[in-house]
$ cat protein-v7.cif   # mmCIF, N, CA and C atoms and all ligand atoms
data_my_file
loop_
_atom_site.label_atom_id
_atom_site.label_comp_id
_atom_site.auth_asym_id
_atom_site.auth_seq_id
_atom_site.Cartn_x
_atom_site.Cartn_y
_atom_site.Cartn_z
N MET A 87 100.32 82.73 87.36
CA MET A 87 100.55 82.99 88.79
C MET A 87 101.37 84.27 88.95
N ALA A 88 100.99 85.10 89.89
CA ALA A 88 101.73 86.35 90.13
C ALA A 88 103.14 86.02 90.60
N GLY A 89 104.09 86.83 90.16
CA GLY A 89 105.50 86.57 90.45
C GLY A 89 105.88 86.82 91.89
N LYS A 90 107.06 86.33 92.25
CA LYS A 90 107.49 86.42 93.64
C LYS A 90 108.51 87.52 93.89
N ARG A 91 108.98 88.20 92.82
CA ARG A 91 110.03 89.19 93.04
C ARG A 91 109.69 90.53 92.43
N THR A 92 110.16 91.61 93.09
CA THR A 92 110.09 92.94 92.50
C THR A 92 111.41 93.65 92.75
N PHE A 93 111.58 94.78 92.06
CA PHE A 93 112.80 95.57 92.19
C PHE A 93 112.43 96.94 92.72
N THR A 94 113.25 97.48 93.63
CA THR A 94 113.00 98.82 94.16
C THR A 94 114.28 99.63 94.23
N MET A 95 114.13 100.94 94.18
CA MET A 95 115.23 101.86 94.52
C MET A 95 114.71 102.84 95.56
N ILE A 96 115.50 103.08 96.60
CA ILE A 96 115.26 104.22 97.47
C ILE A 96 115.98 105.37 96.79
N LYS A 97 115.22 106.39 96.39
CA LYS A 97 115.72 107.43 95.49
C LYS A 97 116.58 108.46 96.24
N PRO A 98 117.34 109.29 95.50
CA PRO A 98 118.27 110.22 96.15
C PRO A 98 117.65 111.12 97.22
N ASP A 99 116.41 111.57 97.03
CA ASP A 99 115.79 112.44 98.04
C ASP A 99 115.67 111.73 99.38
N ALA A 100 115.29 110.46 99.36
CA ALA A 100 115.09 109.72 100.61
C ALA A 100 116.42 109.32 101.24
N VAL A 101 117.44 109.05 100.41
CA VAL A 101 118.77 108.77 100.96
C VAL A 101 119.30 110.04 101.64
N GLU A 102 119.20 111.18 100.94
CA GLU A 102 119.67 112.47 101.49
C GLU A 102 118.99 112.79 102.83
N ALA A 103 117.71 112.46 102.93
CA ALA A 103 116.94 112.80 104.12
C ALA A 103 117.15 111.82 105.27
N GLY A 104 117.97 110.78 105.05
CA GLY A 104 118.25 109.83 106.13
C GLY A 104 117.13 108.82 106.36
N ASN A 105 116.36 108.53 105.30
CA ASN A 105 115.21 107.66 105.47
C ASN A 105 115.42 106.21 105.01
N VAL A 106 116.66 105.83 104.72
CA VAL A 106 116.91 104.46 104.25
C VAL A 106 116.46 103.44 105.29
N GLY A 107 116.86 103.63 106.53
CA GLY A 107 116.52 102.66 107.58
C GLY A 107 115.02 102.54 107.78
N GLY A 108 114.33 103.67 107.85
CA GLY A 108 112.88 103.66 108.06
C GLY A 108 112.14 102.97 106.93
N ILE A 109 112.60 103.23 105.71
CA ILE A 109 111.92 102.63 104.55
C ILE A 109 112.19 101.12 104.50
N LEU A 110 113.43 100.70 104.72
CA LEU A 110 113.72 99.25 104.70
C LEU A 110 112.97 98.54 105.82
N GLU A 111 112.84 99.18 106.96
CA GLU A 111 112.10 98.59 108.08
C GLU A 111 110.62 98.38 107.69
N GLN A 112 110.04 99.38 107.05
CA GLN A 112 108.63 99.23 106.64
C GLN A 112 108.48 98.13 105.58
N ILE A 113 109.46 98.03 104.68
CA ILE A 113 109.40 97.00 103.64
C ILE A 113 109.47 95.60 104.26
N THR A 114 110.42 95.38 105.15
CA THR A 114 110.55 94.03 105.72
C THR A 114 109.40 93.73 106.68
N ALA A 115 108.93 94.74 107.40
CA ALA A 115 107.78 94.53 108.30
C ALA A 115 106.51 94.19 107.51
N SER A 116 106.49 94.54 106.23
CA SER A 116 105.33 94.24 105.39
C SER A 116 105.44 92.89 104.69
N GLY A 117 106.46 92.11 105.06
CA GLY A 117 106.52 90.73 104.58
C GLY A 117 107.42 90.49 103.38
N PHE A 118 108.17 91.50 102.97
CA PHE A 118 109.12 91.31 101.86
C PHE A 118 110.46 90.85 102.42
N ARG A 119 111.07 89.88 101.74
CA ARG A 119 112.41 89.42 102.08
C ARG A 119 113.40 90.10 101.13
N ILE A 120 114.47 90.67 101.67
CA ILE A 120 115.49 91.30 100.84
C ILE A 120 116.39 90.21 100.27
N VAL A 121 116.45 90.10 98.94
CA VAL A 121 117.30 89.07 98.32
C VAL A 121 118.51 89.68 97.61
N ALA A 122 118.54 91.03 97.50
CA ALA A 122 119.70 91.75 96.98
C ALA A 122 119.60 93.18 97.50
N LEU A 123 120.77 93.80 97.78
CA LEU A 123 120.76 95.15 98.37
C LEU A 123 122.09 95.83 98.14
N LYS A 124 122.08 97.08 97.66
CA LYS A 124 123.33 97.86 97.60
C LYS A 124 123.08 99.35 97.40
N MET A 125 124.12 100.15 97.77
CA MET A 125 124.08 101.59 97.51
C MET A 125 124.99 101.88 96.32
N THR A 126 124.45 102.62 95.34
CA THR A 126 125.24 103.00 94.16
C THR A 126 124.81 104.41 93.76
N GLN A 127 125.53 104.99 92.80
CA GLN A 127 125.06 106.24 92.19
C GLN A 127 124.96 106.02 90.69
N MET A 128 123.79 106.26 90.13
CA MET A 128 123.61 106.05 88.69
C MET A 128 124.29 107.17 87.91
N THR A 129 124.89 106.81 86.77
CA THR A 129 125.40 107.81 85.83
C THR A 129 124.22 108.31 84.99
N THR A 130 124.46 109.39 84.25
CA THR A 130 123.42 109.89 83.35
C THR A 130 123.02 108.80 82.35
N ALA A 131 124.00 108.11 81.80
CA ALA A 131 123.70 107.03 80.84
C ALA A 131 122.87 105.93 81.49
N ASP A 132 123.20 105.56 82.73
CA ASP A 132 122.41 104.55 83.46
C ASP A 132 120.95 104.98 83.58
N ALA A 133 120.74 106.22 84.04
CA ALA A 133 119.37 106.69 84.29
C ALA A 133 118.60 106.81 82.98
N GLU A 134 119.27 107.28 81.93
CA GLU A 134 118.59 107.39 80.62
C GLU A 134 118.16 106.02 80.12
N GLU A 135 118.99 105.01 80.37
CA GLU A 135 118.63 103.65 79.94
C GLU A 135 117.53 103.07 80.84
N PHE A 136 117.70 103.23 82.15
CA PHE A 136 116.72 102.67 83.08
C PHE A 136 115.33 103.24 82.81
N TYR A 137 115.24 104.55 82.53
CA TYR A 137 113.95 105.23 82.34
C TYR A 137 113.64 105.48 80.87
N ALA A 138 114.25 104.70 79.96
CA ALA A 138 114.07 104.91 78.52
C ALA A 138 112.60 104.97 78.10
N VAL A 139 111.75 104.21 78.80
CA VAL A 139 110.32 104.19 78.48
C VAL A 139 109.69 105.59 78.62
N HIS A 140 110.31 106.47 79.43
CA HIS A 140 109.77 107.81 79.65
C HIS A 140 110.49 108.89 78.82
N ASN A 141 111.32 108.49 77.85
CA ASN A 141 112.20 109.51 77.23
C ASN A 141 111.49 110.56 76.38
N GLU A 142 110.22 110.36 76.10
CA GLU A 142 109.46 111.39 75.36
C GLU A 142 108.67 112.30 76.31
N ARG A 143 108.65 111.94 77.59
CA ARG A 143 107.82 112.68 78.54
C ARG A 143 108.48 114.01 78.90
N PRO A 144 107.66 115.03 79.22
CA PRO A 144 108.22 116.36 79.51
C PRO A 144 109.14 116.37 80.74
N PHE A 145 108.94 115.43 81.66
CA PHE A 145 109.73 115.43 82.90
C PHE A 145 111.01 114.60 82.78
N PHE A 146 111.31 114.07 81.59
CA PHE A 146 112.43 113.12 81.47
C PHE A 146 113.77 113.72 81.94
N GLY A 147 114.10 114.93 81.47
CA GLY A 147 115.38 115.56 81.83
C GLY A 147 115.50 115.75 83.33
N GLU A 148 114.42 116.24 83.91
CA GLU A 148 114.35 116.45 85.37
C GLU A 148 114.54 115.13 86.13
N LEU A 149 113.90 114.09 85.61
CA LEU A 149 113.96 112.77 86.25
C LEU A 149 115.39 112.23 86.23
N VAL A 150 116.06 112.36 85.09
CA VAL A 150 117.44 111.86 84.98
C VAL A 150 118.36 112.67 85.90
N GLU A 151 118.17 113.97 85.92
CA GLU A 151 118.98 114.83 86.80
C GLU A 151 118.79 114.45 88.27
N PHE A 152 117.54 114.26 88.65
CA PHE A 152 117.22 113.88 90.04
C PHE A 152 117.82 112.54 90.41
N MET A 153 117.64 111.55 89.55
CA MET A 153 118.05 110.19 89.89
C MET A 153 119.57 110.01 89.92
N THR A 154 120.31 110.98 89.36
CA THR A 154 121.77 110.88 89.33
C THR A 154 122.45 111.83 90.31
N ARG A 155 121.68 112.60 91.08
CA ARG A 155 122.31 113.65 91.88
C ARG A 155 122.95 113.14 93.17
N GLY A 156 122.68 111.92 93.52
CA GLY A 156 123.26 111.34 94.73
C GLY A 156 123.02 109.84 94.73
N PRO A 157 123.51 109.17 95.78
CA PRO A 157 123.36 107.73 95.81
C PRO A 157 121.90 107.27 95.96
N ILE A 158 121.68 106.05 95.48
CA ILE A 158 120.40 105.37 95.67
C ILE A 158 120.70 104.06 96.41
N VAL A 159 119.67 103.47 97.00
CA VAL A 159 119.78 102.12 97.54
C VAL A 159 118.84 101.25 96.72
N SER A 160 119.40 100.28 96.01
CA SER A 160 118.56 99.41 95.19
C SER A 160 118.44 98.05 95.86
N ALA A 161 117.33 97.39 95.60
CA ALA A 161 117.07 96.09 96.24
C ALA A 161 116.15 95.24 95.39
N VAL A 162 116.31 93.95 95.53
CA VAL A 162 115.35 92.98 94.98
C VAL A 162 114.62 92.37 96.17
N LEU A 163 113.30 92.31 96.05
CA LEU A 163 112.44 91.90 97.16
C LEU A 163 111.60 90.69 96.76
N GLU A 164 111.42 89.78 97.71
CA GLU A 164 110.66 88.57 97.43
C GLU A 164 109.44 88.46 98.35
N LYS A 165 108.32 88.11 97.74
CA LYS A 165 107.05 87.92 98.48
C LYS A 165 106.05 87.39 97.45
N ASP A 166 105.06 86.63 97.85
CA ASP A 166 104.00 86.28 96.90
C ASP A 166 103.37 87.57 96.38
N ASN A 167 103.05 87.61 95.09
CA ASN A 167 102.39 88.79 94.49
C ASN A 167 103.22 90.07 94.69
N ALA A 168 104.54 89.93 94.56
CA ALA A 168 105.48 90.99 94.95
C ALA A 168 105.22 92.32 94.24
N VAL A 169 105.03 92.30 92.92
CA VAL A 169 104.92 93.58 92.18
C VAL A 169 103.71 94.38 92.66
N ASP A 170 102.56 93.76 92.68
CA ASP A 170 101.34 94.50 93.05
C ASP A 170 101.34 94.87 94.53
N ASP A 171 101.77 93.94 95.38
CA ASP A 171 101.78 94.25 96.82
C ASP A 171 102.76 95.37 97.13
N PHE A 172 103.89 95.41 96.40
CA PHE A 172 104.86 96.47 96.68
C PHE A 172 104.33 97.82 96.19
N ARG A 173 103.65 97.83 95.04
CA ARG A 173 103.10 99.11 94.56
C ARG A 173 102.01 99.62 95.51
N ALA A 174 101.28 98.70 96.12
CA ALA A 174 100.29 99.11 97.13
C ALA A 174 101.00 99.69 98.36
N LEU A 175 102.12 99.08 98.75
CA LEU A 175 102.86 99.56 99.93
C LEU A 175 103.46 100.95 99.69
N ILE A 176 103.93 101.23 98.47
CA ILE A 176 104.55 102.55 98.24
C ILE A 176 103.51 103.63 98.00
N GLY A 177 102.37 103.30 97.41
CA GLY A 177 101.32 104.30 97.19
C GLY A 177 101.46 105.01 95.86
N ALA A 178 100.55 105.92 95.59
CA ALA A 178 100.48 106.61 94.29
C ALA A 178 101.75 107.41 93.99
N THR A 179 102.03 107.60 92.69
CA THR A 179 103.21 108.34 92.25
C THR A 179 103.30 109.70 92.92
N ASN A 180 102.17 110.41 92.95
CA ASN A 180 102.11 111.72 93.61
C ASN A 180 101.75 111.52 95.08
N PRO A 181 102.63 111.92 96.00
CA PRO A 181 102.34 111.67 97.43
C PRO A 181 101.04 112.30 97.92
N GLU A 182 100.60 113.35 97.23
CA GLU A 182 99.31 113.97 97.61
C GLU A 182 98.15 113.00 97.40
N ASP A 183 98.31 112.06 96.45
CA ASP A 183 97.27 111.08 96.16
C ASP A 183 97.51 109.74 96.87
N ALA A 184 98.64 109.61 97.55
CA ALA A 184 99.01 108.33 98.15
C ALA A 184 98.20 108.09 99.43
N ALA A 185 97.82 106.83 99.63
CA ALA A 185 97.03 106.48 100.81
C ALA A 185 97.84 106.66 102.09
N GLU A 186 97.12 106.95 103.17
CA GLU A 186 97.71 107.10 104.50
C GLU A 186 98.52 105.85 104.85
N GLY A 187 99.71 106.04 105.40
CA GLY A 187 100.51 104.89 105.84
C GLY A 187 101.43 104.34 104.77
N THR A 188 101.24 104.75 103.50
CA THR A 188 102.13 104.26 102.45
C THR A 188 103.48 104.96 102.54
N ILE A 189 104.48 104.33 101.93
CA ILE A 189 105.84 104.87 102.01
C ILE A 189 105.92 106.26 101.38
N ARG A 190 105.25 106.44 100.23
CA ARG A 190 105.31 107.77 99.61
C ARG A 190 104.55 108.81 100.43
N LYS A 191 103.45 108.40 101.05
CA LYS A 191 102.73 109.36 101.90
C LYS A 191 103.64 109.85 103.02
N LYS A 192 104.42 108.93 103.58
CA LYS A 192 105.28 109.29 104.72
C LYS A 192 106.53 110.03 104.30
N TYR A 193 107.15 109.61 103.19
CA TYR A 193 108.51 110.06 102.91
C TYR A 193 108.68 110.89 101.65
N ALA A 194 107.70 110.89 100.71
CA ALA A 194 107.92 111.58 99.43
C ALA A 194 107.63 113.07 99.56
N LYS A 195 108.36 113.86 98.77
CA LYS A 195 108.20 115.32 98.83
C LYS A 195 107.28 115.82 97.74
N SER A 196 107.30 115.18 96.57
CA SER A 196 106.56 115.67 95.40
C SER A 196 106.41 114.53 94.40
N VAL A 197 105.67 114.79 93.31
CA VAL A 197 105.48 113.76 92.29
C VAL A 197 106.82 113.38 91.65
N GLY A 198 107.74 114.30 91.57
CA GLY A 198 109.06 114.01 90.99
C GLY A 198 109.97 113.34 92.00
N GLU A 199 110.06 113.94 93.19
CA GLU A 199 110.97 113.42 94.23
C GLU A 199 110.13 112.58 95.19
N ASN A 200 109.89 111.33 94.76
CA ASN A 200 108.89 110.55 95.48
C ASN A 200 109.45 109.32 96.21
N ALA A 201 110.70 109.43 96.64
CA ALA A 201 111.29 108.54 97.65
C ALA A 201 111.62 107.12 97.20
N VAL A 202 110.73 106.49 96.46
CA VAL A 202 110.95 105.08 96.10
C VAL A 202 110.45 104.77 94.69
N HIS A 203 111.07 103.75 94.11
CA HIS A 203 110.61 103.16 92.84
C HIS A 203 110.08 101.77 93.13
N GLY A 204 109.09 101.35 92.36
CA GLY A 204 108.64 99.96 92.39
C GLY A 204 108.33 99.51 90.98
N SER A 205 108.81 98.33 90.59
CA SER A 205 108.55 97.80 89.24
C SER A 205 107.06 97.71 88.98
N ASP A 206 106.67 97.86 87.70
CA ASP A 206 105.24 97.85 87.38
C ASP A 206 104.75 96.55 86.74
N SER A 207 105.63 95.56 86.54
CA SER A 207 105.20 94.26 86.01
C SER A 207 106.26 93.22 86.37
N ASP A 208 105.89 91.95 86.29
CA ASP A 208 106.87 90.89 86.56
C ASP A 208 108.01 90.96 85.56
N GLU A 209 107.66 91.24 84.31
CA GLU A 209 108.68 91.31 83.26
C GLU A 209 109.67 92.45 83.54
N ASN A 210 109.14 93.63 83.89
CA ASN A 210 110.03 94.75 84.19
C ASN A 210 110.82 94.53 85.47
N ALA A 211 110.23 93.84 86.45
CA ALA A 211 110.97 93.53 87.68
C ALA A 211 112.24 92.75 87.35
N GLN A 212 112.10 91.79 86.46
CA GLN A 212 113.25 90.96 86.09
C GLN A 212 114.29 91.77 85.31
N ILE A 213 113.81 92.60 84.38
CA ILE A 213 114.73 93.45 83.61
C ILE A 213 115.46 94.42 84.53
N GLU A 214 114.72 95.07 85.43
CA GLU A 214 115.31 96.09 86.30
C GLU A 214 116.26 95.47 87.32
N ALA A 215 115.92 94.31 87.86
CA ALA A 215 116.84 93.62 88.79
C ALA A 215 118.13 93.27 88.07
N GLY A 216 118.01 92.81 86.83
CA GLY A 216 119.19 92.45 86.05
C GLY A 216 120.03 93.65 85.65
N PHE A 217 119.39 94.82 85.56
CA PHE A 217 120.11 96.06 85.24
C PHE A 217 121.03 96.44 86.40
N HIS A 218 120.56 96.23 87.62
CA HIS A 218 121.31 96.69 88.80
C HIS A 218 122.13 95.61 89.49
N PHE A 219 121.79 94.35 89.32
CA PHE A 219 122.46 93.28 90.06
C PHE A 219 122.89 92.15 89.13
N SER A 220 124.07 91.58 89.42
CA SER A 220 124.48 90.36 88.73
C SER A 220 123.83 89.17 89.44
N GLY A 221 123.84 88.03 88.80
CA GLY A 221 123.28 86.82 89.40
C GLY A 221 123.91 86.50 90.75
N ARG A 222 125.21 86.80 90.88
CA ARG A 222 125.91 86.48 92.13
C ARG A 222 125.57 87.44 93.27
N GLU A 223 124.86 88.53 92.96
CA GLU A 223 124.48 89.50 94.00
C GLU A 223 123.06 89.28 94.49
N MET A 224 122.38 88.28 93.94
CA MET A 224 120.98 88.00 94.35
C MET A 224 120.94 86.66 95.07
N PHE A 225 120.26 86.63 96.22
CA PHE A 225 120.33 85.44 97.09
C PHE A 225 118.96 84.83 97.33
P1 LIG A 301 108.37 104.53 89.67
O1 LIG A 301 108.52 104.04 88.25
O2 LIG A 301 109.49 105.43 90.11
O3 LIG A 301 108.07 103.45 90.65
O4 LIG A 301 107.09 105.50 89.73
P2 LIG A 301 105.66 105.26 89.09
O5 LIG A 301 105.60 103.95 88.36
O6 LIG A 301 104.67 105.51 90.18
O7 LIG A 301 105.58 106.48 88.07
P3 LIG A 301 106.05 106.53 86.54
O8 LIG A 301 104.90 107.02 85.74
O9 LIG A 301 106.72 105.26 86.13
O10 LIG A 301 107.13 107.71 86.58
C1 LIG A 301 108.47 107.44 86.89
C2 LIG A 301 109.00 108.53 87.78
O11 LIG A 301 109.10 109.76 87.05
C3 LIG A 301 108.90 110.85 87.94
N1 LIG A 301 107.76 111.64 87.49
N2 LIG A 301 107.77 112.94 87.51
N3 LIG A 301 107.07 115.66 87.24
C4 LIG A 301 106.17 114.72 86.92
O12 LIG A 301 105.06 114.98 86.53
C5 LIG A 301 106.58 113.32 87.05
N4 LIG A 301 105.84 112.27 86.75
C6 LIG A 301 106.60 111.20 87.03
C7 LIG A 301 108.65 110.27 89.31
O13 LIG A 301 109.89 110.20 90.01
C8 LIG A 301 108.12 108.90 88.97
O14 LIG A 301 108.25 108.02 90.05
MG MG A 302 107.05 103.36 86.94
#
$ encode --input "protein-v7.cif" --output "structure tokens"
Amino acid sequence: MAGKRTFTMIKPDAVEAGNVGGILEQITASGFRIVALKMTQMTTADAEEFYAVHNERPFFGELVEFMTRGPIVSAVLEKDNAVDDFRALIGATNPEDAAEGTIRKKYAKSVGENAVHGSDSDENAQIEAGFHFSGREMF
């Protein structure tokens, strides 16, 4: 059975641009319940660990620099089929390829600065939620 939870971050570009409210509104209007929420700033070590799966990729340094340059808003979201439905809501990694009406189509600037993160599996959703939130911060 598809899992009920996913993890997201509103990335520094979208926080800087004042789009936190608009993005959270679209998320909740799409049927996701917020079960954890906070604003933090990742350290370089945090971002290197969070994105360790990409550490051989050419964009890794740029990605770590971007994700640590300002605050993010992280959240755990609940809905049936949460991981897949949330990835559909945010759209393709590159906003040029993202479908009309998706969060990245509306708010992302480029393939690197693409406004939001969404977990890519139930297993990673659980790992990523646990990276950012303690059990007492999830409701
Ligand atoms: P995310 O993990 O943030 O939800 O994004 P995703 O699954 O759609 O994309 P992924 O392949 O996991 O890449 C993670 C993040 O790395 C940055 N990226 N930059 N410059 C580039 O070519 C490039 N490719 C990826 C993006 O911020 C992407 O979301
Ligand atoms: Mg990914």
$ residues_near_ligand --input "protein-v7.cif" --ligand "ligand MG 302 (chain A)" --cutoff "8 Å" --atoms "only N, CA and C atoms and all ligand atoms" --output "ChimeraX atom specification"
/A:203-207
$ select_by_dssp --input "protein-v7.cif" --residues "chain A" --states "alpha helix (DSSP H)" --output "ChimeraX atom specification"
/A:98-102,106-115,130-136,146-153,168-176,189-193,208-218
$ residues_around --input "protein-v7.cif" --residues "Met95 in chain A" --least-positions-apart "2" --cutoff "7 Å" --atoms "all atoms listed in the file" --output "PyMOL selection string"
chain A and resi 93+97-98+158-161+201-205
$ write_last_selection --input "protein-v7.cif" --atoms "N, CA and C atoms" --output "JSON list (two decimals), keeping the file's coordinate frame"
[["chain", "number", "residue", "atom", "x", "y", "z"],
["A", 93, "PHE", "N", 111.58, 94.78, 92.06],
["A", 93, "PHE", "CA", 112.80, 95.57, 92.19],
["A", 93, "PHE", "C", 112.43, 96.94, 92.72],
["A", 97, "LYS", "N", 115.22, 106.39, 96.39],
["A", 97, "LYS", "CA", 115.72, 107.43, 95.49],
["A", 97, "LYS", "C", 116.58, 108.46, 96.24],
["A", 98, "PRO", "N", 117.34, 109.29, 95.50],
["A", 98, "PRO", "CA", 118.27, 110.22, 96.15],
["A", 98, "PRO", "C", 117.65, 111.12, 97.22],
["A", 158, "ILE", "N", 121.68, 106.05, 95.48],
["A", 158, "ILE", "CA", 120.40, 105.37, 95.67],
["A", 158, "ILE", "C", 120.70, 104.06, 96.41],
["A", 159, "VAL", "N", 119.67, 103.47, 97.00],
["A", 159, "VAL", "CA", 119.78, 102.12, 97.54],
["A", 159, "VAL", "C", 118.84, 101.25, 96.72],
["A", 160, "SER", "N", 119.40, 100.28, 96.01],
["A", 160, "SER", "CA", 118.56, 99.41, 95.19],
["A", 160, "SER", "C", 118.44, 98.05, 95.86],
["A", 161, "ALA", "N", 117.33, 97.39, 95.60],
["A", 161, "ALA", "CA", 117.07, 96.09, 96.24],
["A", 161, "ALA", "C", 116.15, 95.24, 95.39],
["A", 201, "ALA", "N", 110.70, 109.43, 96.64],
["A", 201, "ALA", "CA", 111.29, 108.54, 97.65],
["A", 201, "ALA", "C", 111.62, 107.12, 97.20],
["A", 202, "VAL", "N", 110.73, 106.49, 96.46],
["A", 202, "VAL", "CA", 110.95, 105.08, 96.10],
["A", 202, "VAL", "C", 110.45, 104.77, 94.69],
["A", 203, "HIS", "N", 111.07, 103.75, 94.11],
["A", 203, "HIS", "CA", 110.61, 103.16, 92.84],
["A", 203, "HIS", "C", 110.08, 101.77, 93.13],
["A", 204, "GLY", "N", 109.09, 101.35, 92.36],
["A", 204, "GLY", "CA", 108.64, 99.96, 92.39],
["A", 204, "GLY", "C", 108.33, 99.51, 90.98],
["A", 205, "SER", "N", 108.81, 98.33, 90.59],
["A", 205, "SER", "CA", 108.55, 97.80, 89.24],
["A", 205, "SER", "C", 107.06, 97.71, 88.98]]
$ residues_near_ligand --input "protein-v7.cif" --ligand "ligand LIG 301 (chain A)" --cutoff "8 Å" --atoms "only N, CA and C atoms and all ligand atoms" --output "PyMOL selection string"
chain A and resi 94-95+137+140+144-146+148-150+153+173+177-180+196-206
$ atom_distance --input "protein-v7.cif" --atom1 "CA of Met128 in chain A" --atom2 "CA of Ala215 in chain A"
14.2 Å
$ closest_residue --input "protein-v7.cif" --among "A:Val101, A:Leu163, A:Ala194, A:Pro157" --to "Thr126 in chain A" --atoms "all atoms listed in the file"
A:Pro157
$ atom_distance --input "protein-v7.cif" --atom1 "CA of Asn141 in chain A" --atom2 "CA of Lys90 in chain A"
28.7 Å
$ atom_distance --input "protein-v7.cif" --atom1 "CA of Asp208 in chain A" --atom2 "CA of Glu111 in chain A"
23.4 Å
$ closest_residue --input "protein-v7.cif" --among "A:Thr154, A:Asp99, A:Gly147, A:Phe172" --to "Thr114 in chain A" --atoms "only C-alpha atoms"
A:Phe172
$ select_by_dssp --input "protein-v7.cif" --residues "range 109-145 of chain A" --states "strand (DSSP E)" --output "list in words"
Arg119, Ile120, Val121, Ala122, Leu123, Lys124, Met125 and Thr126 of chain A
$ write_last_selection --input "protein-v7.cif" --atoms "N, CA and C atoms" --output "short mmCIF file (atom, residue, chain, number, x, y, z; two decimals), in the coordinates of the input"
data_model
loop_
_atom_site.label_atom_id
_atom_site.label_comp_id
_atom_site.auth_asym_id
_atom_site.auth_seq_id
_atom_site.Cartn_x
_atom_site.Cartn_y
_atom_site.Cartn_z
N ARG A 119 111.07 89.88 101.74
CA ARG A 119 112.41 89.42 102.08
C ARG A 119 113.40 90.10 101.13
N ILE A 120 114.47 90.67 101.67
CA ILE A 120 115.49 91.30 100.84
C ILE A 120 116.39 90.21 100.27
N VAL A 121 116.45 90.10 98.94
CA VAL A 121 117.30 89.07 98.32
C VAL A 121 118.51 89.68 97.61
N ALA A 122 118.54 91.03 97.50
CA ALA A 122 119.70 91.75 96.98
C ALA A 122 119.60 93.18 97.50
N LEU A 123 120.77 93.80 97.78
CA LEU A 123 120.76 95.15 98.37
C LEU A 123 122.09 95.83 98.14
N LYS A 124 122.08 97.08 97.66
CA LYS A 124 123.33 97.86 97.60
C LYS A 124 123.08 99.35 97.40
N MET A 125 124.12 100.15 97.77
CA MET A 125 124.08 101.59 97.51
C MET A 125 124.99 101.88 96.32
N THR A 126 124.45 102.62 95.34
CA THR A 126 125.24 103.00 94.16
C THR A 126 124.81 104.41 93.76
#
$ closest_residue --input "protein-v7.cif" --among "A:Val139, A:Ile120, A:Ala131, A:Val169" --to "Ala211 in chain A" --atoms "only C-alpha atoms"
A:Val169
$ closest_residue --input "protein-v7.cif" --among "A:Ala185, A:Leu175, A:Ala168, A:Val162" --to "Val121 in chain A" --atoms "all atoms listed in the file"
A:Val162
